[in-house]
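Text of the file coords.txt, holding compact mmCIF, C-alpha atoms and all ligand atoms:
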# COMPACT_ATOMS: atom_id res chain seq x y z
CA MET G 1 -8.29 -11.80 -11.73
CA ALA G 2 -7.74 -9.21 -9.01
CA ARG G 3 -5.07 -6.62 -9.63
CA LYS G 4 -2.51 -7.00 -6.86
CA ILE G 5 -0.46 -3.93 -6.07
CA SER G 6 2.17 -3.00 -3.47
CA PHE G 7 2.93 0.57 -2.47
CA ILE G 8 6.53 0.75 -1.35
CA ASN G 9 9.63 2.91 -1.24
CA TYR G 10 12.81 2.30 0.76
CA LYS G 11 12.36 5.83 2.09
CA GLY G 12 10.08 6.05 5.14
CA GLY G 13 7.41 8.69 5.65
CA VAL G 14 6.86 9.49 1.96
CA GLY G 15 3.13 8.75 2.16
CA LYS G 16 2.77 5.04 1.36
CA THR G 17 0.07 4.53 3.98
CA SER G 18 -1.89 7.70 3.30
CA LEU G 19 -1.82 7.07 -0.46
CA ILE G 20 -2.84 3.43 -0.22
CA VAL G 21 -5.67 4.02 2.26
CA ASN G 22 -7.12 6.92 0.30
CA THR G 23 -6.67 5.23 -3.06
CA ALA G 24 -8.35 2.11 -1.70
CA ALA G 25 -11.25 4.28 -0.49
CA ALA G 26 -11.52 5.96 -3.90
CA LEU G 27 -11.59 2.55 -5.62
CA ALA G 28 -14.28 1.28 -3.22
CA LYS G 29 -16.33 4.44 -3.81
CA LEU G 30 -16.25 3.61 -7.52
CA GLY G 31 -17.83 0.25 -6.70
CA HIS G 32 -14.70 -1.90 -6.84
CA ARG G 33 -14.20 -4.65 -4.28
CA VAL G 34 -10.96 -3.83 -2.49
CA LEU G 35 -8.86 -5.79 -0.02
CA LEU G 36 -6.19 -3.79 1.79
CA CYS G 37 -3.48 -5.87 3.50
CA ASP G 38 -1.35 -4.20 6.16
CA PHE G 39 2.19 -5.58 6.14
CA ASP G 40 3.79 -2.84 8.22
CA THR G 41 4.27 -3.80 11.86
CA GLN G 42 3.78 -0.13 12.79
CA SER G 43 0.12 -0.98 12.03
CA ASN G 44 -0.65 2.53 10.77
CA THR G 45 -3.23 1.40 8.21
CA SER G 46 -4.88 -0.96 10.70
CA ILE G 47 -5.07 1.58 13.54
CA TRP G 48 -6.32 4.24 11.12
CA LEU G 49 -9.17 2.19 9.68
CA LEU G 50 -10.13 0.09 12.70
CA ARG G 51 -9.58 2.98 15.13
CA LEU G 52 -7.72 2.35 18.35
CA GLU G 53 -10.42 0.53 20.30
CA ARG G 54 -11.09 -2.20 17.74
CA TRP G 55 -7.39 -2.50 16.88
CA ASN G 56 -6.45 -2.82 20.60
CA GLN G 57 -8.69 -5.85 20.88
CA ILE G 58 -6.71 -7.61 18.17
CA ASN G 59 -3.36 -6.38 19.43
CA ALA G 60 -4.06 -7.66 22.94
CA THR G 61 -4.11 -11.30 21.81
CA GLY G 62 -2.70 -11.21 18.29
CA GLU G 63 -5.72 -13.23 17.24
CA GLY G 64 -7.09 -11.89 13.98
CA SER G 65 -3.74 -10.34 13.06
CA VAL G 66 -1.92 -11.32 9.88
CA TYR G 67 0.97 -12.81 11.88
CA SER G 68 -1.35 -15.61 13.06
CA LEU G 69 -1.04 -17.08 9.54
CA PHE G 70 2.60 -17.84 10.37
CA ASP G 71 2.55 -18.41 14.14
CA PRO G 72 0.85 -20.49 15.40
CA GLY G 73 0.07 -21.04 11.71
CA ARG G 74 -3.42 -22.43 12.02
CA ALA G 75 -5.31 -19.26 11.01
CA GLN G 76 -6.93 -18.91 7.61
CA LEU G 77 -6.59 -15.62 5.77
CA ARG G 78 -10.30 -15.62 4.95
CA ASP G 79 -11.06 -15.51 8.71
CA LEU G 80 -8.76 -12.54 9.27
CA VAL G 81 -10.49 -10.27 6.76
CA VAL G 82 -12.41 -7.43 8.40
CA LYS G 83 -15.27 -6.87 5.97
CA ASP G 84 -16.32 -3.31 5.14
CA VAL G 85 -13.81 -2.10 7.69
CA VAL G 86 -14.75 1.58 7.90
CA GLU G 87 -17.47 2.07 10.51
CA GLY G 88 -19.17 5.04 12.11
CA LYS G 89 -19.48 5.55 15.86
CA ALA G 90 -22.60 3.34 16.02
CA GLY G 91 -20.98 0.56 14.02
CA GLU G 92 -22.70 1.55 10.78
CA LYS G 93 -20.83 0.63 7.60
CA LEU G 94 -19.52 3.78 5.96
CA LEU G 95 -17.64 2.35 3.01
CA PRO G 96 -18.97 -0.99 1.77
CA GLY G 97 -16.48 -2.81 -0.42
CA LEU G 98 -13.31 -1.88 1.47
CA ASP G 99 -12.00 -4.86 3.47
CA LEU G 100 -8.85 -5.03 5.61
CA VAL G 101 -6.38 -7.71 6.63
CA PRO G 102 -5.09 -6.10 9.82
CA THR G 103 -1.72 -6.34 11.43
CA THR G 104 -0.60 -5.76 15.00
CA PHE G 105 2.81 -5.16 16.55
CA ASN G 106 3.57 -8.89 16.73
CA LEU G 107 4.30 -8.90 12.96
CA VAL G 108 7.83 -7.84 13.93
CA ASP G 109 8.40 -11.43 15.12
CA LEU G 110 8.21 -12.57 11.49
CA GLU G 111 11.59 -10.86 10.99
CA ASN G 112 13.38 -12.55 13.90
CA GLU G 113 11.83 -15.30 15.94
CA PHE G 114 9.93 -17.01 13.16
CA THR G 115 11.91 -19.83 11.57
CA GLY G 116 9.35 -21.46 9.27
CA ASP G 117 9.98 -24.13 6.68
CA PRO G 118 12.55 -23.30 3.95
CA LYS G 119 10.50 -25.39 1.52
CA ARG G 120 7.43 -23.28 2.25
CA PRO G 121 8.67 -19.76 2.90
CA HIS G 122 6.41 -17.20 4.60
CA TYR G 123 5.65 -15.42 1.31
CA LEU G 124 4.44 -18.67 -0.27
CA VAL G 125 2.24 -19.43 2.75
CA PHE G 126 0.61 -16.04 2.36
CA GLN G 127 0.28 -16.27 -1.43
CA GLU G 128 -1.45 -19.65 -1.27
CA GLN G 129 -3.99 -18.35 1.24
CA LEU G 130 -4.57 -15.21 -0.78
CA ALA G 131 -5.19 -17.28 -3.92
CA ALA G 132 -8.12 -18.92 -2.11
CA ILE G 133 -9.95 -15.60 -1.62
CA GLU G 134 -8.73 -13.32 -4.38
CA ALA G 135 -11.65 -14.06 -6.71
CA GLY G 136 -13.79 -11.96 -4.37
CA TYR G 137 -11.82 -8.80 -5.18
CA ASP G 138 -11.04 -6.42 -8.02
CA PHE G 139 -8.04 -4.86 -6.26
CA ILE G 140 -5.77 -6.22 -3.54
CA LEU G 141 -3.43 -3.60 -2.14
CA PHE G 142 -0.43 -4.12 0.14
CA ASP G 143 0.87 -1.42 2.46
CA CYS G 144 4.55 -2.22 3.02
CA PRO G 145 7.18 -0.84 5.39
CA PRO G 146 10.23 0.93 3.86
CA ASN G 147 12.19 -2.28 3.32
CA ILE G 148 11.92 -5.70 1.64
CA LEU G 149 12.28 -7.81 4.74
CA ARG G 150 9.94 -10.74 5.38
CA ALA G 151 6.65 -8.89 5.94
CA SER G 152 7.08 -6.85 2.76
CA GLN G 153 8.10 -9.97 0.88
CA CYS G 154 4.61 -11.40 1.45
CA GLY G 155 3.03 -8.41 -0.28
CA ILE G 156 5.58 -8.18 -3.05
CA PHE G 157 5.56 -11.90 -3.88
CA SER G 158 1.76 -11.78 -4.21
CA SER G 159 1.74 -8.54 -6.24
CA ASN G 160 2.14 -8.03 -9.95
CA GLU G 161 2.55 -4.26 -9.75
CA ILE G 162 4.41 -1.76 -7.61
CA TYR G 163 3.74 1.94 -7.16
CA VAL G 164 6.39 4.04 -5.47
CA PRO G 165 5.28 7.09 -3.49
CA VAL G 166 7.89 9.85 -3.57
CA ASN G 167 8.35 13.32 -2.15
CA PRO G 168 10.16 15.97 -4.16
CA ASP G 169 13.50 15.41 -2.42
CA ALA G 170 16.80 13.64 -2.95
CA LEU G 171 16.14 10.96 -0.34
CA SER G 172 13.06 9.70 -2.18
CA LEU G 173 15.25 9.16 -5.25
CA ILE G 174 17.76 7.21 -3.16
CA GLY G 175 14.89 5.19 -1.68
CA PHE G 176 13.57 4.36 -5.15
CA THR G 177 17.02 3.27 -6.33
CA LEU G 178 17.55 1.04 -3.32
CA LEU G 179 14.08 -0.43 -3.75
CA VAL G 180 14.79 -1.53 -7.32
CA GLU G 181 18.09 -3.13 -6.26
CA LYS G 182 16.51 -5.05 -3.38
CA LEU G 183 13.53 -6.02 -5.53
CA GLY G 184 15.81 -7.67 -8.08
CA LYS G 185 17.49 -9.67 -5.33
CA PHE G 186 14.18 -10.79 -3.84
CA HIS G 187 12.84 -11.90 -7.23
CA GLN G 188 15.96 -14.05 -7.71
CA LEU G 189 15.61 -15.53 -4.24
CA SER G 190 11.93 -16.38 -4.68
CA ALA G 191 11.94 -17.38 -8.38
CA SER G 192 11.78 -21.12 -7.76
CA PHE G 193 8.53 -20.70 -5.80
CA ARG G 194 6.65 -18.81 -8.52
CA ARG G 195 3.96 -20.54 -10.54
CA ALA G 196 2.70 -19.41 -13.96
CA ALA G 197 -0.79 -18.78 -12.55
CA MET G 198 0.63 -16.06 -10.31
CA GLY G 199 1.49 -13.84 -13.26
CA ALA G 200 4.65 -11.79 -13.64
CA PRO G 201 6.82 -10.82 -10.65
CA ALA G 202 6.00 -7.32 -9.47
CA GLN G 203 7.88 -4.54 -11.16
CA VAL G 204 7.68 -0.81 -10.64
CA GLN G 205 4.82 0.52 -12.77
CA GLY G 206 4.57 4.02 -11.46
CA LEU G 207 5.96 6.73 -9.21
CA VAL G 208 3.58 9.06 -7.43
CA PHE G 209 4.52 12.48 -6.08
CA ASN G 210 2.88 12.97 -2.68
CA ALA G 211 2.49 15.90 -0.30
CA VAL G 212 3.41 18.46 -2.94
CA LYS G 213 3.18 21.95 -1.47
CA THR G 214 1.44 24.74 -3.37
CA GLY G 215 3.88 26.94 -5.22
CA VAL G 216 6.81 24.54 -4.87
CA ASP G 217 8.48 23.77 -8.17
CA ILE G 218 9.15 20.03 -8.44
CA GLU G 219 10.61 20.04 -11.95
CA VAL G 220 14.20 19.30 -10.87
CA PRO G 221 13.43 16.30 -8.59
CA LYS G 222 10.97 15.09 -11.23
CA MET G 223 13.61 15.25 -13.95
CA ARG G 224 16.14 13.37 -11.79
CA LEU G 225 13.58 10.70 -11.03
CA GLN G 226 12.65 10.40 -14.71
CA LEU G 227 16.32 9.92 -15.64
CA ARG G 228 16.73 7.16 -13.05
CA LEU G 229 13.49 5.53 -14.20
CA ASN G 230 14.68 5.64 -17.82
CA GLN G 231 17.89 3.85 -16.78
CA PHE G 232 15.95 1.16 -14.94
CA ARG G 233 13.55 0.68 -17.85
CA ALA G 234 16.44 0.38 -20.31
CA ALA G 235 18.03 -2.25 -18.05
CA LYS G 236 14.64 -4.03 -17.76
CA ARG G 237 14.66 -3.44 -14.01
CA ALA G 238 11.36 -1.52 -14.15
CA ALA G 239 8.28 -2.26 -16.26
CA PRO G 240 8.43 -1.09 -19.89
CA ALA G 241 5.39 1.15 -19.28
CA ALA G 242 6.63 2.47 -15.93
CA LYS G 243 6.15 6.21 -15.58
CA ILE G 244 5.82 9.12 -13.22
CA LEU G 245 2.07 9.37 -12.83
CA ARG G 246 0.38 12.56 -14.03
CA THR G 247 -1.49 12.77 -10.75
CA GLN G 248 0.28 14.53 -7.91
CA VAL G 249 -1.24 14.50 -4.45
CA ARG G 250 -1.09 17.88 -2.78
CA ASP G 251 0.01 18.57 0.77
CA ALA G 252 -3.18 19.10 2.76
CA MET G 253 -3.78 19.30 6.50
CA VAL G 254 -6.92 17.17 6.20
CA VAL G 255 -4.77 14.13 5.26
CA ARG G 256 -3.24 14.24 8.75
CA ARG G 257 -6.59 14.98 10.39
CA ALA G 258 -8.21 12.00 8.66
CA VAL G 259 -5.92 9.61 10.56
CA ALA G 260 -7.09 11.01 13.90
CA LEU G 261 -10.71 10.72 12.80
CA GLY G 262 -10.25 7.12 11.68
CA LEU G 263 -11.61 7.86 8.23
CA PRO G 264 -10.28 7.98 4.70
CA VAL G 265 -10.19 11.60 3.51
CA VAL G 266 -13.19 11.09 1.24
CA LEU G 267 -15.40 10.55 4.32
CA VAL G 268 -14.10 13.44 6.41
CA GLY G 269 -16.70 15.93 5.20
CA SER G 270 -16.63 19.64 4.44
CA GLU G 271 -13.06 20.18 5.65
CA ALA G 272 -11.92 17.82 2.89
CA THR G 273 -14.32 18.87 0.16
CA ASP G 274 -13.65 22.61 0.48
CA ALA G 275 -11.87 23.81 -2.58
CA GLY G 276 -8.24 24.72 -2.02
CA PRO G 277 -6.02 26.74 -4.34
CA GLY G 278 -7.17 26.42 -7.94
CA GLY G 279 -10.71 25.45 -6.89
CA ASP G 280 -9.76 21.81 -6.36
CA ASN G 281 -9.14 19.56 -3.36
CA VAL G 282 -7.10 16.59 -2.21
CA ILE G 283 -10.04 14.15 -2.56
CA ASN G 284 -9.95 14.81 -6.29
CA ASP G 285 -6.22 14.03 -6.27
CA TYR G 286 -6.95 10.59 -4.81
CA ARG G 287 -9.80 10.08 -7.30
CA ARG G 288 -7.48 10.95 -10.16
CA LEU G 289 -4.80 8.64 -8.76
CA ALA G 290 -7.30 5.75 -8.56
CA ALA G 291 -8.47 6.47 -12.12
CA GLU G 292 -4.89 6.57 -13.40
CA ILE G 293 -4.06 3.25 -11.74
CA ILE G 294 -7.23 1.71 -13.19
CA GLN G 295 -6.19 2.88 -16.66
CA HIS G 296 -2.58 1.72 -16.30
CA LEU G 297 -3.30 -1.81 -17.35
CA VAL G 298 -0.36 -4.14 -17.08
CA PRO G 299 0.01 -6.41 -20.12
N1 LIG G 301 -0.71 14.66 1.06
C1 LIG G 301 -0.38 14.86 2.34
N2 LIG G 301 -0.60 16.05 2.94
C2 LIG G 301 -0.26 16.25 4.24
N3 LIG G 301 0.29 15.32 5.03
C3 LIG G 301 0.52 14.11 4.49
C4 LIG G 301 0.21 13.80 3.13
N4 LIG G 301 0.56 12.51 2.88
C5 LIG G 301 1.05 12.04 4.04
N5 LIG G 301 1.04 12.98 5.00
C6 LIG G 301 1.51 12.84 6.39
O1 LIG G 301 2.89 12.50 6.37
C7 LIG G 301 3.18 11.55 7.38
C8 LIG G 301 3.78 10.31 6.73
O2 LIG G 301 2.79 9.74 5.87
P1 LIG G 301 2.55 8.17 5.78
O3 LIG G 301 2.41 7.59 7.15
O4 LIG G 301 1.48 7.95 4.81
O5 LIG G 301 3.96 7.73 5.18
P2 LIG G 301 4.59 6.27 5.02
O6 LIG G 301 5.43 6.31 3.82
O7 LIG G 301 3.51 5.26 5.07
O8 LIG G 301 5.48 6.17 6.34
P3 LIG G 301 6.20 4.86 6.91
O9 LIG G 301 7.46 4.70 6.11
O10 LIG G 301 6.45 5.19 8.36
O11 LIG G 301 5.25 3.71 6.73
C9 LIG G 301 1.87 11.27 8.11
O12 LIG G 301 1.80 12.08 9.24
C10 LIG G 301 0.82 11.68 7.09
O13 LIG G 301 -0.40 12.05 7.68
MG MG G 302 3.27 3.57 6.32
Re-express the file's structure as structure tokens.
Ligand SMILES: Nc1ncnc2c1ncn2[C@@H]1O[C@H](COP(=O)(O)OP(=O)(O)OP(=O)(O)O)[C@@H](O)[C@H]1O
Ligand SMILES: [Mg+2]
Amino acid sequence: MARKISFINYKGGVGKTSLIVNTAAALAKLGHRVLLCDFDTQSNTSIWLLRLERWNQINATGEGSVYSLFDPGRAQLRDLVVKDVVEGKAGEKLLPGLDLVPTTFNLVDLENEFTGDPKRPHYLVFQEQLAAIEAGYDFILFDCPPNILRASQCGIFSSNEIYVPVNPDALSLIGFTLLVEKLGKFHQLSASFRRAAMGAPAQVQGLVFNAVKTGVDIEVPKMRLQLRLNQFRAAKRAAPAAKILRTQVRDAMVVRRAVALGLPVVLVGSEATDAGPGGDNVINDYRRLAAEIIQHLVP
């Protein structure tokens, strides 16, 4: 069974997209079959990996975008998957094993105009379609916006695990707290639609410090986050094994550059592989993060 994981925090801009894209790339490099689903209408993951030209073609009509599952509702998820999404300039496949379900700006309509069928809510529609293709994957990852509105609900309902990217600041802690509150409410709302075969509802399994600057001491924010996590674990509102991951992802210019190049950091080349302070680099951070997630097996 594929491991299904959402990256989410109620705080925006903490690094959900950069972490999920680069972790997905690290997993694919290890030979895992990875499906990355973009549930953020900003389309950052989709534009990054498809690059603007290919993404524009989908955005122009909405055909091939995840919203077409809901409206007009005739699309099949398996037809939306862009296989081996990362391509070079000549269309050569650069990262076999990393597939994408793209979104475009029309996903915002899921929040307002879409009415749907209360007996078959949007998140159930998505989950049923995902179940039909999930055997082809080892990891299915969901990039979510900083909320648990309808688009996020699709990812969260289909997930069994949640990782929360955080920056070493007070707002990330507030975002984490709000996330756990909203998550509890969504699980209550959606409980009657869950089936045993779907496994446990997604709980927070890990928090990941991202964009940590060299020489900045993060012990105080880390301690505050650990205290909050302990409270949630004691109240059974986070997974019993939930933890702050050992891996921290450093702040590195190449992470921003990679977006402009349309590549995960691991494919950027010498700029990314050059050793930074301590003789290490950000690619190794993503590799360590992927390895830690692989090891963090959920019972
Ligand atoms: N480790 C890093 N080093 C340097 N810059 C980073 C790092 N991680 C993320 N960034 C940059 O920070 C910005 C926000 O990152 P990202 O888009 O991944 O956050 P997000 O949580 O997905 O945001 P949103 O809430 O808008 O979806 C981007 O410009 C990204 O390139
Ligand atoms: Mg994002």
- List all protein, DNA and RNA residues that have an atom no more than 9 Å from any atom of ligand LIG 301 (chain G), counting all atoms listed in the file, and report them as a ChimeraX atom specification. /G:7-21,40,42-45,143-147,165-166,210-213,249-259,282
Please produce an output containing C-alpha atoms for each residue in the selection, written as an mmCIF file, keeping the file's coordinate frame.
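The resulting result-v2.cif:
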data_model
loop_
_atom_site.group_PDB
_atom_site.id
_atom_site.type_symbol
_atom_site.label_atom_id
_atom_site.label_comp_id
_atom_site.auth_asym_id
_atom_site.auth_seq_id
_atom_site.Cartn_x
_atom_site.Cartn_y
_atom_site.Cartn_z
ATOM 1 C CA PHE G 7 2.930 0.570 -2.470
ATOM 2 C CA ILE G 8 6.530 0.750 -1.350
ATOM 3 C CA ASN G 9 9.630 2.910 -1.240
ATOM 4 C CA TYR G 10 12.810 2.300 0.760
ATOM 5 C CA LYS G 11 12.360 5.830 2.090
ATOM 6 C CA GLY G 12 10.080 6.050 5.140
ATOM 7 C CA GLY G 13 7.410 8.690 5.650
ATOM 8 C CA VAL G 14 6.860 9.490 1.960
ATOM 9 C CA GLY G 15 3.130 8.750 2.160
ATOM 10 C CA LYS G 16 2.770 5.040 1.360
ATOM 11 C CA THR G 17 0.070 4.530 3.980
ATOM 12 C CA SER G 18 -1.890 7.700 3.300
ATOM 13 C CA LEU G 19 -1.820 7.070 -0.460
ATOM 14 C CA ILE G 20 -2.840 3.430 -0.220
ATOM 15 C CA VAL G 21 -5.670 4.020 2.260
ATOM 16 C CA ASP G 40 3.790 -2.840 8.220
ATOM 17 C CA GLN G 42 3.780 -0.130 12.790
ATOM 18 C CA SER G 43 0.120 -0.980 12.030
ATOM 19 C CA ASN G 44 -0.650 2.530 10.770
ATOM 20 C CA THR G 45 -3.230 1.400 8.210
ATOM 21 C CA ASP G 143 0.870 -1.420 2.460
ATOM 22 C CA CYS G 144 4.550 -2.220 3.020
ATOM 23 C CA PRO G 145 7.180 -0.840 5.390
ATOM 24 C CA PRO G 146 10.230 0.930 3.860
ATOM 25 C CA ASN G 147 12.190 -2.280 3.320
ATOM 26 C CA PRO G 165 5.280 7.090 -3.490
ATOM 27 C CA VAL G 166 7.890 9.850 -3.570
ATOM 28 C CA ASN G 210 2.880 12.970 -2.680
ATOM 29 C CA ALA G 211 2.490 15.900 -0.300
ATOM 30 C CA VAL G 212 3.410 18.460 -2.940
ATOM 31 C CA LYS G 213 3.180 21.950 -1.470
ATOM 32 C CA VAL G 249 -1.240 14.500 -4.450
ATOM 33 C CA ARG G 250 -1.090 17.880 -2.780
ATOM 34 C CA ASP G 251 0.010 18.570 0.770
ATOM 35 C CA ALA G 252 -3.180 19.100 2.760
ATOM 36 C CA MET G 253 -3.780 19.300 6.500
ATOM 37 C CA VAL G 254 -6.920 17.170 6.200
ATOM 38 C CA VAL G 255 -4.770 14.130 5.260
ATOM 39 C CA ARG G 256 -3.240 14.240 8.750
ATOM 40 C CA ARG G 257 -6.590 14.980 10.390
ATOM 41 C CA ALA G 258 -8.210 12.000 8.660
ATOM 42 C CA VAL G 259 -5.920 9.610 10.560
ATOM 43 C CA VAL G 282 -7.100 16.590 -2.210
#
- Query: Which one is closest to ligand MG 302 (chain G): G:Trp55, G:Phe142, G:Tyr137, G:Phe186? Count only C-alpha atoms and all ligand atoms.
  - Reply: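 Of G:Trp55, G:Phe142, G:Tyr137, G:Phe186, the one nearest ligand MG 302 (chain G), counting only C-alpha atoms and all ligand atoms, is G:Phe142.
Atom to atom, atom CA of G:Glu53 and atom CA of G:Lys89 stand 11.3 Å apart.
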- Message: Would you compute the distance between atom CA of G:Arg288 and atom CA of G:Gly206? Give it in Å to one decimal.
- Response: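 Distance between the two atoms: 14.0 Å.
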- Query: Hey, can you check how far atom CA of G:Lys83 sits from atom CA of G:Ala131?
  - Reply: 17.5 Å
- Taking the point (-12.1, 0.9, -6.0) as given in the file, collect each protein or nucleic acid residue that comes within 9 Å of it, counting only C-alpha atoms, and present the set as a list in words. Thr23, Ala24, Ala25, Ala26, Leu27, Ala28, Lys29, Leu30, Gly31, His32, Arg33, Val34, Gly97, Leu98, Asp138, Phe139, Ala290 and Ile294 of chain G
- Of the listed residues G:Glu292, G:Ala260, G:Gln129, G:Leu245, that which approaches G:Leu50 most closely, counting all atoms listed in the file: G:Ala260
- Which residue of G:Asp84, G:Leu69, G:Ser152, G:Ser190 approaches ligand MG 302 (chain G) most closely, using all atoms listed in the file: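 Closest residue, counting all atoms listed in the file: G:Ser152.
The point (-7.7, -5.4, 6.3) has these residues within 6 Å of it when all atoms listed in the file are used: Leu36, Cys37, Val81, Val82, Asp99, Leu100, Val101 and Pro102 of chain G.
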- Task: Check the smallest atom-to-atom distance from each of G:Val216, G:Val204, G:Ile244, G:Leu95 to G:Val180 using all atoms listed in the file, then report the winner.
- Result: G:Val204
- Smallest atom-to-atom distance to G:Leu130: which of G:Glu87, G:Glu161, G:Asp285, G:Asp79, using only C-alpha atoms?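 Closest candidate: G:Asp79.
In this comparison, which uses all atoms listed in the file, the residue of G:Gly184, G:Gly215, G:Pro240, G:Gly155 approaching G:Ser6 most closely is G:Gly155.
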Using the file's own x, y and z axes, what box holds all listed atoms of stretch 196-211 of chain G with 6 Å on each side, keeping edges along x, y and z, and what are its centre and edge lengths in Å to one decimal, as lines of an AutoDock Vina configuration file?
center_x = 3.5
center_y = -1.8
center_z = -7.1
size_x = 20.7
size_y = 47.3
size_z = 25.7
For G:Glu63, work out the shell of residues within 10 Å, counting only C-alpha atoms and skipping chain neighbours fewer than 6 positions away, then give it as a PDB file with C-alpha atoms, in the coordinates of the input.
ATOM      1  CA  GLN G  57      -8.690  -5.850  20.880  1.00  0.00           C
ATOM      2  CA  LEU G  69      -1.040 -17.080   9.540  1.00  0.00           C
ATOM      3  CA  PRO G  72       0.850 -20.490  15.400  1.00  0.00           C
ATOM      4  CA  ALA G  75      -5.310 -19.260  11.010  1.00  0.00           C
ATOM      5  CA  LEU G  80      -8.760 -12.540   9.270  1.00  0.00           C
ATOM      6  CA  THR G 103      -1.720  -6.340  11.430  1.00  0.00           C
ATOM      7  CA  THR G 104      -0.600  -5.760  15.000  1.00  0.00           C
TER       8      THR G 104
END
- Message: Can you pull out the residues contacting G:Pro221? Cut-off 12 Å, using all atoms listed in the file, and skip same-chain residues under 4 positions away; I want them as a PyMOL selection string.
- Response: chain G and resi 166-174+209+212+216-217+225-228+244
